[in-house]
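Enquirer: This structure is in structure tokens; I'll ask about it shortly.
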Amino acid sequence: MHALNHTHDAGARSWLASAQAAGTDFPLQNLPFSVFRRQGSSEALRGGVAIGDQLICLAALARSGALQGLAAQAASACAQATLNDFFAMGPAAWQALRHALFAALKQGASGPAVDAVRAALIPLAGIEHTVPTRIGDYTDFYTSIHHARNVGAITRPDAPLTPNFQWIPIAYHGRSSSIGVSGQAFRRPMGQALAAPPAPGARPQPVYGPCARLDFELELAIWIGPGNAPGEPIPLAQADGHIFGYGLLNDWSARDIQFWEMAPLGPFLGKNFCTTISPWIVTQEAMAPYRLPFTRPADEPQPLTYLDGAGNRERGALSIELEVLVESQQMRAQGLAPSRITRTNFRHQYWTAAQMVTQHAMGGCNLQAGDLFGSGTISGPTPDQAGAIIELTKGGKSPITLDSSGEQRSFLHDGDAVILRGWCDKPGFARIGFGESRGTILPPIGA
Ligand code: MN
């Protein structure tokens, strides 16, 4: 799955011209999956794969009978409203379908599969997406040491990094029902929070009202393939075979509500009102060229044996360029471009996706196909690489300026849209993109 093969060849071209368009997220080497239907229609939802400015309807392709063997079975599994069955089939089936699509899309290809793919194309401009699996469980990790230090400096200035951080990929169990796909809009959450820190010795006095410190978190969505039986661990060397692929995830956070409620059991209403994912899932195989060694500074705790292995050390990390933009109501009204507020890379994360899978299953918990992990906020080593506004503004004390309109932000305002984007780029290989995750904040109930 990590080996490079002909589907990573940067020179490979498609007969579909838009697959070669400069800056496209979806060249022939990418082939990401989503669930879709035509915009505003009552069509059945089904799986699709992006290529250039088009999408291949996998239901139509399966019906054509033009694919053979495992690739045909995989396409049939995608011809329904969720991709859980396809994810459960595992890496051999994922690869068979990817390679069949690649062969049919390649310049100069001919035959029944090429004709069937051509007939199954739908312009991306005319489709809408939904959450691609029936998400049984959603788990949110906390794996950036820079994020942990930045936020810890605000919430626990005497000891910003908790003693377990460098030993365990920390996580909490999140909420699946409020996960939505890009384009999602949600009301500013109501809740209970401290309006001001209590005076020394005084009793804290919480108030009820709209969240005053609304934030985003830049994260990767990690989509789980085949699960494990209860009580059966997933060894680190096998963990990547349990990951179908990666997308973008915005773990919206109500900081004032979160910080008042989260001791001792973790986040609750501060996180569970909304999570916005990108519709596209970039497969594990498409990511192969962008893997990097996983390293730990020699003077820091090294992973315990069950979280360590040669494969993880050689290629456990991923280089994914990431950015976050804000588009305010004023920018939309004046036709201004969204403003970028941060730019970073997933390579700085303290734990790998494989270590997250192994940690999750180690205690006996069973994962299921279609489960979702959030990677944890992705913050790089420098202050301008932070993946949350609470870090960029030092807890709200140093507002940032949105370049295109000149507006200032300590936290997010009603009407703000937050846009996450990601891509992989490396000399000698194609640039592949993740599309975007976009979510918009509506005024709170009663406003
Ligand atoms: Mn998070």
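Residue numbering restarts at 1 for every chain of the structure tokens, chains are lettered A, B, ... in their displayed order, and ligands are numbered from 1 as they appear.
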Pick out each residue of range 208-341 of chain A that DSSP on the backbone tags as helix (DSSP H, G or I); I need them as a VMD selection string.

Expert: chain A and resid 236 to 242 255 to 261 288 to 290 305 to 307 310 to 315 329 to 334

Enquirer: Write out as a list in words each polymer residue whose atoms come within 10 Å of Pro210 in chain A, counting only C-alpha atoms; drop sequence neighbours fewer than 3 positions from it.

Expert: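 Listing them by chain and then by number gives Arg187, Arg188, Pro189, Met190, Gly191, Gln192, Ala193, Val207, Arg213, Leu214, Ala254, Asp256, Ile257, Pro443, Pro444, Ile445, Gly446 and Ala447 of chain A.
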
Enquirer: Just the selected residues (N, CA, C and O atoms), exported as a short mmCIF file (atom, residue, chain, number, x, y, z; two decimals), in the first residue's frame, please.

Expert:
```cif
data_model
loop_
_atom_site.label_atom_id
_atom_site.label_comp_id
_atom_site.auth_asym_id
_atom_site.auth_seq_id
_atom_site.Cartn_x
_atom_site.Cartn_y
_atom_site.Cartn_z
N ARG A 187 -25.85 27.25 14.14
CA ARG A 187 -26.06 28.36 15.06
C ARG A 187 -24.94 28.44 16.09
O ARG A 187 -24.49 27.42 16.58
N ARG A 188 -24.53 29.64 16.42
CA ARG A 188 -23.59 29.83 17.53
C ARG A 188 -24.17 29.14 18.76
O ARG A 188 -25.32 29.36 19.12
N PRO A 189 -23.39 28.27 19.40
CA PRO A 189 -23.96 27.50 20.51
C PRO A 189 -24.25 28.36 21.73
O PRO A 189 -23.58 29.36 21.98
N MET A 190 -25.28 27.96 22.46
CA MET A 190 -25.59 28.53 23.78
C MET A 190 -24.91 27.64 24.81
O MET A 190 -24.69 26.45 24.58
N GLY A 191 -24.63 28.18 25.97
CA GLY A 191 -24.04 27.33 27.01
C GLY A 191 -23.74 28.09 28.27
O GLY A 191 -24.07 29.28 28.41
N GLN A 192 -23.10 27.38 29.16
CA GLN A 192 -22.74 27.91 30.46
C GLN A 192 -21.23 28.13 30.48
O GLN A 192 -20.48 27.24 30.09
N ALA A 193 -20.81 29.28 30.94
CA ALA A 193 -19.37 29.58 30.97
C ALA A 193 -19.10 30.63 32.02
O ALA A 193 -20.01 31.31 32.49
N VAL A 207 -22.33 32.00 33.84
CA VAL A 207 -23.51 32.63 33.25
C VAL A 207 -23.97 31.78 32.06
O VAL A 207 -23.17 31.03 31.48
N ARG A 213 -16.55 32.90 22.75
CA ARG A 213 -15.19 32.59 22.26
C ARG A 213 -15.25 31.41 21.30
O ARG A 213 -14.74 30.33 21.58
N LEU A 214 -15.88 31.64 20.15
CA LEU A 214 -16.08 30.57 19.17
C LEU A 214 -14.83 30.44 18.29
O LEU A 214 -14.30 31.43 17.79
N ALA A 254 -16.27 25.81 21.17
CA ALA A 254 -16.75 26.94 21.98
C ALA A 254 -15.85 27.01 23.21
O ALA A 254 -16.06 26.29 24.18
N ASP A 256 -15.12 29.14 25.69
CA ASP A 256 -15.56 29.52 27.03
C ASP A 256 -16.38 28.39 27.66
O ASP A 256 -16.21 28.07 28.83
N ILE A 257 -17.25 27.77 26.85
CA ILE A 257 -18.05 26.64 27.35
C ILE A 257 -17.13 25.46 27.66
O ILE A 257 -17.21 24.84 28.72
N PRO A 443 -26.26 33.30 13.59
CA PRO A 443 -26.51 33.87 14.92
C PRO A 443 -27.14 32.84 15.85
O PRO A 443 -27.78 31.89 15.38
N PRO A 444 -26.99 33.01 17.17
CA PRO A 444 -27.56 32.03 18.10
C PRO A 444 -29.08 32.09 18.13
O PRO A 444 -29.68 33.05 17.64
N ILE A 445 -29.69 31.07 18.68
CA ILE A 445 -31.15 31.02 18.83
C ILE A 445 -31.62 32.28 19.59
O ILE A 445 -31.01 32.67 20.58
N GLY A 446 -32.64 32.93 19.04
CA GLY A 446 -33.22 34.08 19.72
C GLY A 446 -32.56 35.39 19.34
O GLY A 446 -33.03 36.45 19.75
N ALA A 447 -31.48 35.35 18.59
CA ALA A 447 -30.79 36.61 18.24
C ALA A 447 -31.45 37.25 17.02
O ALA A 447 -32.11 36.59 16.26
#
```

Enquirer: Rank A:Ala353, A:Leu236, A:Ala221, A:Ile281 by their smallest atom-to-atom distance to Val35 in chain A, using only C-alpha atoms, and report the top residue only.

Expert: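 Under the stated criterion, the closest residue is A:Ile281.
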
Enquirer: Between A:Ala10, A:Leu16, A:Leu249, A:Leu442, which residue has the minimum interatomic distance to ligand 1, considering only C-alpha atoms and all ligand atoms?

Expert: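 Closest to ligand 1 of all the choices is A:Leu249.
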
Enquirer: Each residue of chain A with at least one atom at most 12 Å from ligand 1 should appear once, together with its nearest atom pair and the corresponding distance in Å (one decimal); atoms considered: only C-alpha atoms and all ligand atoms; ordering: chain, then increasing residue number; output as JSON lines.

Expert:
```
{"residue": "A:Tyr138", "atom": "CA", "partner": "ligand 1", "partner_atom_place_in_ligand_line": "1 (Mn)", "distance": 11.2}
{"residue": "A:Thr139", "atom": "CA", "partner": "ligand 1", "partner_atom_place_in_ligand_line": "1 (Mn)", "distance": 9.2}
{"residue": "A:Asp140", "atom": "CA", "partner": "ligand 1", "partner_atom_place_in_ligand_line": "1 (Mn)", "distance": 5.6}
{"residue": "A:Phe141", "atom": "CA", "partner": "ligand 1", "partner_atom_place_in_ligand_line": "1 (Mn)", "distance": 6.4}
{"residue": "A:Tyr142", "atom": "CA", "partner": "ligand 1", "partner_atom_place_in_ligand_line": "1 (Mn)", "distance": 6.4}
{"residue": "A:Thr143", "atom": "CA", "partner": "ligand 1", "partner_atom_place_in_ligand_line": "1 (Mn)", "distance": 9.3}
{"residue": "A:Ser144", "atom": "CA", "partner": "ligand 1", "partner_atom_place_in_ligand_line": "1 (Mn)", "distance": 10.2}
{"residue": "A:His147", "atom": "CA", "partner": "ligand 1", "partner_atom_place_in_ligand_line": "1 (Mn)", "distance": 10.1}
{"residue": "A:Ala148", "atom": "CA", "partner": "ligand 1", "partner_atom_place_in_ligand_line": "1 (Mn)", "distance": 10.8}
{"residue": "A:Val151", "atom": "CA", "partner": "ligand 1", "partner_atom_place_in_ligand_line": "1 (Mn)", "distance": 11.8}
{"residue": "A:Ile170", "atom": "CA", "partner": "ligand 1", "partner_atom_place_in_ligand_line": "1 (Mn)", "distance": 10.7}
{"residue": "A:Ala171", "atom": "CA", "partner": "ligand 1", "partner_atom_place_in_ligand_line": "1 (Mn)", "distance": 8.7}
{"residue": "A:Tyr172", "atom": "CA", "partner": "ligand 1", "partner_atom_place_in_ligand_line": "1 (Mn)", "distance": 9.1}
{"residue": "A:His173", "atom": "CA", "partner": "ligand 1", "partner_atom_place_in_ligand_line": "1 (Mn)", "distance": 10.7}
{"residue": "A:Gly174", "atom": "CA", "partner": "ligand 1", "partner_atom_place_in_ligand_line": "1 (Mn)", "distance": 9.3}
{"residue": "A:Arg175", "atom": "CA", "partner": "ligand 1", "partner_atom_place_in_ligand_line": "1 (Mn)", "distance": 11.7}
{"residue": "A:Asp215", "atom": "CA", "partner": "ligand 1", "partner_atom_place_in_ligand_line": "1 (Mn)", "distance": 10.6}
{"residue": "A:Phe216", "atom": "CA", "partner": "ligand 1", "partner_atom_place_in_ligand_line": "1 (Mn)", "distance": 8.7}
{"residue": "A:Glu217", "atom": "CA", "partner": "ligand 1", "partner_atom_place_in_ligand_line": "1 (Mn)", "distance": 5.9}
{"residue": "A:Leu218", "atom": "CA", "partner": "ligand 1", "partner_atom_place_in_ligand_line": "1 (Mn)", "distance": 7.9}
{"residue": "A:Glu219", "atom": "CA", "partner": "ligand 1", "partner_atom_place_in_ligand_line": "1 (Mn)", "distance": 7.0}
{"residue": "A:Leu220", "atom": "CA", "partner": "ligand 1", "partner_atom_place_in_ligand_line": "1 (Mn)", "distance": 9.8}
{"residue": "A:Ala221", "atom": "CA", "partner": "ligand 1", "partner_atom_place_in_ligand_line": "1 (Mn)", "distance": 10.6}
{"residue": "A:Leu249", "atom": "CA", "partner": "ligand 1", "partner_atom_place_in_ligand_line": "1 (Mn)", "distance": 9.0}
{"residue": "A:Asn250", "atom": "CA", "partner": "ligand 1", "partner_atom_place_in_ligand_line": "1 (Mn)", "distance": 7.9}
{"residue": "A:Asp251", "atom": "CA", "partner": "ligand 1", "partner_atom_place_in_ligand_line": "1 (Mn)", "distance": 5.1}
{"residue": "A:Trp252", "atom": "CA", "partner": "ligand 1", "partner_atom_place_in_ligand_line": "1 (Mn)", "distance": 7.7}
{"residue": "A:Ser253", "atom": "CA", "partner": "ligand 1", "partner_atom_place_in_ligand_line": "1 (Mn)", "distance": 7.7}
{"residue": "A:Ala254", "atom": "CA", "partner": "ligand 1", "partner_atom_place_in_ligand_line": "1 (Mn)", "distance": 11.2}
{"residue": "A:Arg255", "atom": "CA", "partner": "ligand 1", "partner_atom_place_in_ligand_line": "1 (Mn)", "distance": 11.4}
{"residue": "A:Gln258", "atom": "CA", "partner": "ligand 1", "partner_atom_place_in_ligand_line": "1 (Mn)", "distance": 11.4}
{"residue": "A:Gly266", "atom": "CA", "partner": "ligand 1", "partner_atom_place_in_ligand_line": "1 (Mn)", "distance": 11.4}
{"residue": "A:Pro267", "atom": "CA", "partner": "ligand 1", "partner_atom_place_in_ligand_line": "1 (Mn)", "distance": 9.5}
{"residue": "A:Phe268", "atom": "CA", "partner": "ligand 1", "partner_atom_place_in_ligand_line": "1 (Mn)", "distance": 11.8}
{"residue": "A:Gly270", "atom": "CA", "partner": "ligand 1", "partner_atom_place_in_ligand_line": "1 (Mn)", "distance": 10.6}
{"residue": "A:Lys271", "atom": "CA", "partner": "ligand 1", "partner_atom_place_in_ligand_line": "1 (Mn)", "distance": 8.0}
{"residue": "A:Asn272", "atom": "CA", "partner": "ligand 1", "partner_atom_place_in_ligand_line": "1 (Mn)", "distance": 10.6}
{"residue": "A:Cys274", "atom": "CA", "partner": "ligand 1", "partner_atom_place_in_ligand_line": "1 (Mn)", "distance": 11.5}
{"residue": "A:Thr275", "atom": "CA", "partner": "ligand 1", "partner_atom_place_in_ligand_line": "1 (Mn)", "distance": 9.4}
{"residue": "A:Thr276", "atom": "CA", "partner": "ligand 1", "partner_atom_place_in_ligand_line": "1 (Mn)", "distance": 11.6}
{"residue": "A:Phe373", "atom": "CA", "partner": "ligand 1", "partner_atom_place_in_ligand_line": "1 (Mn)", "distance": 9.9}
{"residue": "A:Gly374", "atom": "CA", "partner": "ligand 1", "partner_atom_place_in_ligand_line": "1 (Mn)", "distance": 6.6}
{"residue": "A:Ser375", "atom": "CA", "partner": "ligand 1", "partner_atom_place_in_ligand_line": "1 (Mn)", "distance": 7.5}
{"residue": "A:Gly376", "atom": "CA", "partner": "ligand 1", "partner_atom_place_in_ligand_line": "1 (Mn)", "distance": 4.6}
{"residue": "A:Thr377", "atom": "CA", "partner": "ligand 1", "partner_atom_place_in_ligand_line": "1 (Mn)", "distance": 5.3}
{"residue": "A:Ile378", "atom": "CA", "partner": "ligand 1", "partner_atom_place_in_ligand_line": "1 (Mn)", "distance": 9.0}
{"residue": "A:Ser379", "atom": "CA", "partner": "ligand 1", "partner_atom_place_in_ligand_line": "1 (Mn)", "distance": 11.4}
{"residue": "A:Gly387", "atom": "CA", "partner": "ligand 1", "partner_atom_place_in_ligand_line": "1 (Mn)", "distance": 9.9}
{"residue": "A:Ala388", "atom": "CA", "partner": "ligand 1", "partner_atom_place_in_ligand_line": "1 (Mn)", "distance": 9.5}
```

Enquirer: Give the strand (DSSP E) residues of range 71-298 of chain A, as assigned by DSSP on the backbone, as number ranges by chain.

Expert: A: 121-123, 127-130, 138-142, 170-173, 179-181, 184-187, 190-194, 206-210, 214-215, 218-224, 243-250, 253-254, 275-277, 282-283, 291-292

Enquirer: Quick one: residues within 10 Å of Met362 in chain A, only C-alpha atoms, excluding same-chain residues fewer than 6 positions away - as a list of chain:residue names?

Expert: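 Once the nearby chain positions are removed, what remains is A:Gly231, A:Glu232, A:Pro233, A:Ile234, A:Pro235, A:Leu236, A:Tyr306, A:Leu307, A:Met356.
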
Enquirer: With N, CA, C and O atoms kept, could you save the residues just selected as a compact mmCIF listing (two decimals), in the first residue's frame?

Expert:
```
# COMPACT_ATOMS: atom_id res chain seq x y z
N GLY A 231 -11.62 -6.69 21.83
CA GLY A 231 -10.56 -7.36 22.56
C GLY A 231 -9.35 -7.73 21.73
O GLY A 231 -8.36 -8.22 22.25
N GLU A 232 -9.45 -7.50 20.42
CA GLU A 232 -8.35 -7.89 19.51
C GLU A 232 -7.58 -6.64 19.08
O GLU A 232 -8.10 -5.81 18.34
N PRO A 233 -6.34 -6.49 19.56
CA PRO A 233 -5.60 -5.27 19.21
C PRO A 233 -5.22 -5.21 17.74
O PRO A 233 -5.29 -6.22 17.03
N ILE A 234 -4.83 -4.03 17.29
CA ILE A 234 -4.32 -3.84 15.93
C ILE A 234 -2.83 -3.48 16.05
O ILE A 234 -2.50 -2.38 16.45
N PRO A 235 -1.93 -4.43 15.75
CA PRO A 235 -0.49 -4.12 15.85
C PRO A 235 -0.13 -2.94 14.95
O PRO A 235 -0.72 -2.77 13.88
N LEU A 236 0.85 -2.17 15.38
CA LEU A 236 1.23 -0.96 14.64
C LEU A 236 1.57 -1.27 13.19
O LEU A 236 1.21 -0.51 12.29
N TYR A 306 4.81 -1.00 21.83
CA TYR A 306 3.63 -1.28 21.01
C TYR A 306 3.28 -0.09 20.09
O TYR A 306 2.50 -0.25 19.15
N LEU A 307 3.86 1.09 20.37
CA LEU A 307 3.64 2.26 19.51
C LEU A 307 4.87 2.57 18.65
O LEU A 307 5.00 3.66 18.10
N MET A 356 -2.34 6.29 16.23
CA MET A 356 -3.67 6.58 16.76
C MET A 356 -4.56 5.34 16.67
O MET A 356 -5.30 5.02 17.61
```

Enquirer: Which residue out of A:Ile145, A:Ala81, A:Ala337, A:Ala103 has the minimum interatomic distance to Pro160 in chain A when only C-alpha atoms are used?

Expert: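 Closest to Pro160 in chain A, using only C-alpha atoms: A:Ile145.
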
Enquirer: Do you know which residues are at most 8 Å from Gln329 in chain A counting only C-alpha atoms, after dropping those on the same chain fewer than 2 positions away, and could you put them as a ChimeraX atom specification?

Expert: /A:327,331-333,415-416

Enquirer: If you measure from CA of Gly225 in chain A to CA of Gly47 in chain A, what distance in Å do you get, rounded to one decimal?

Expert: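 Interatomic distance here is 15.6 Å.
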
Enquirer: How many Å separate CA of Leu4 in chain A from CA of Gln284 in chain A?

Expert: 11.6 Å
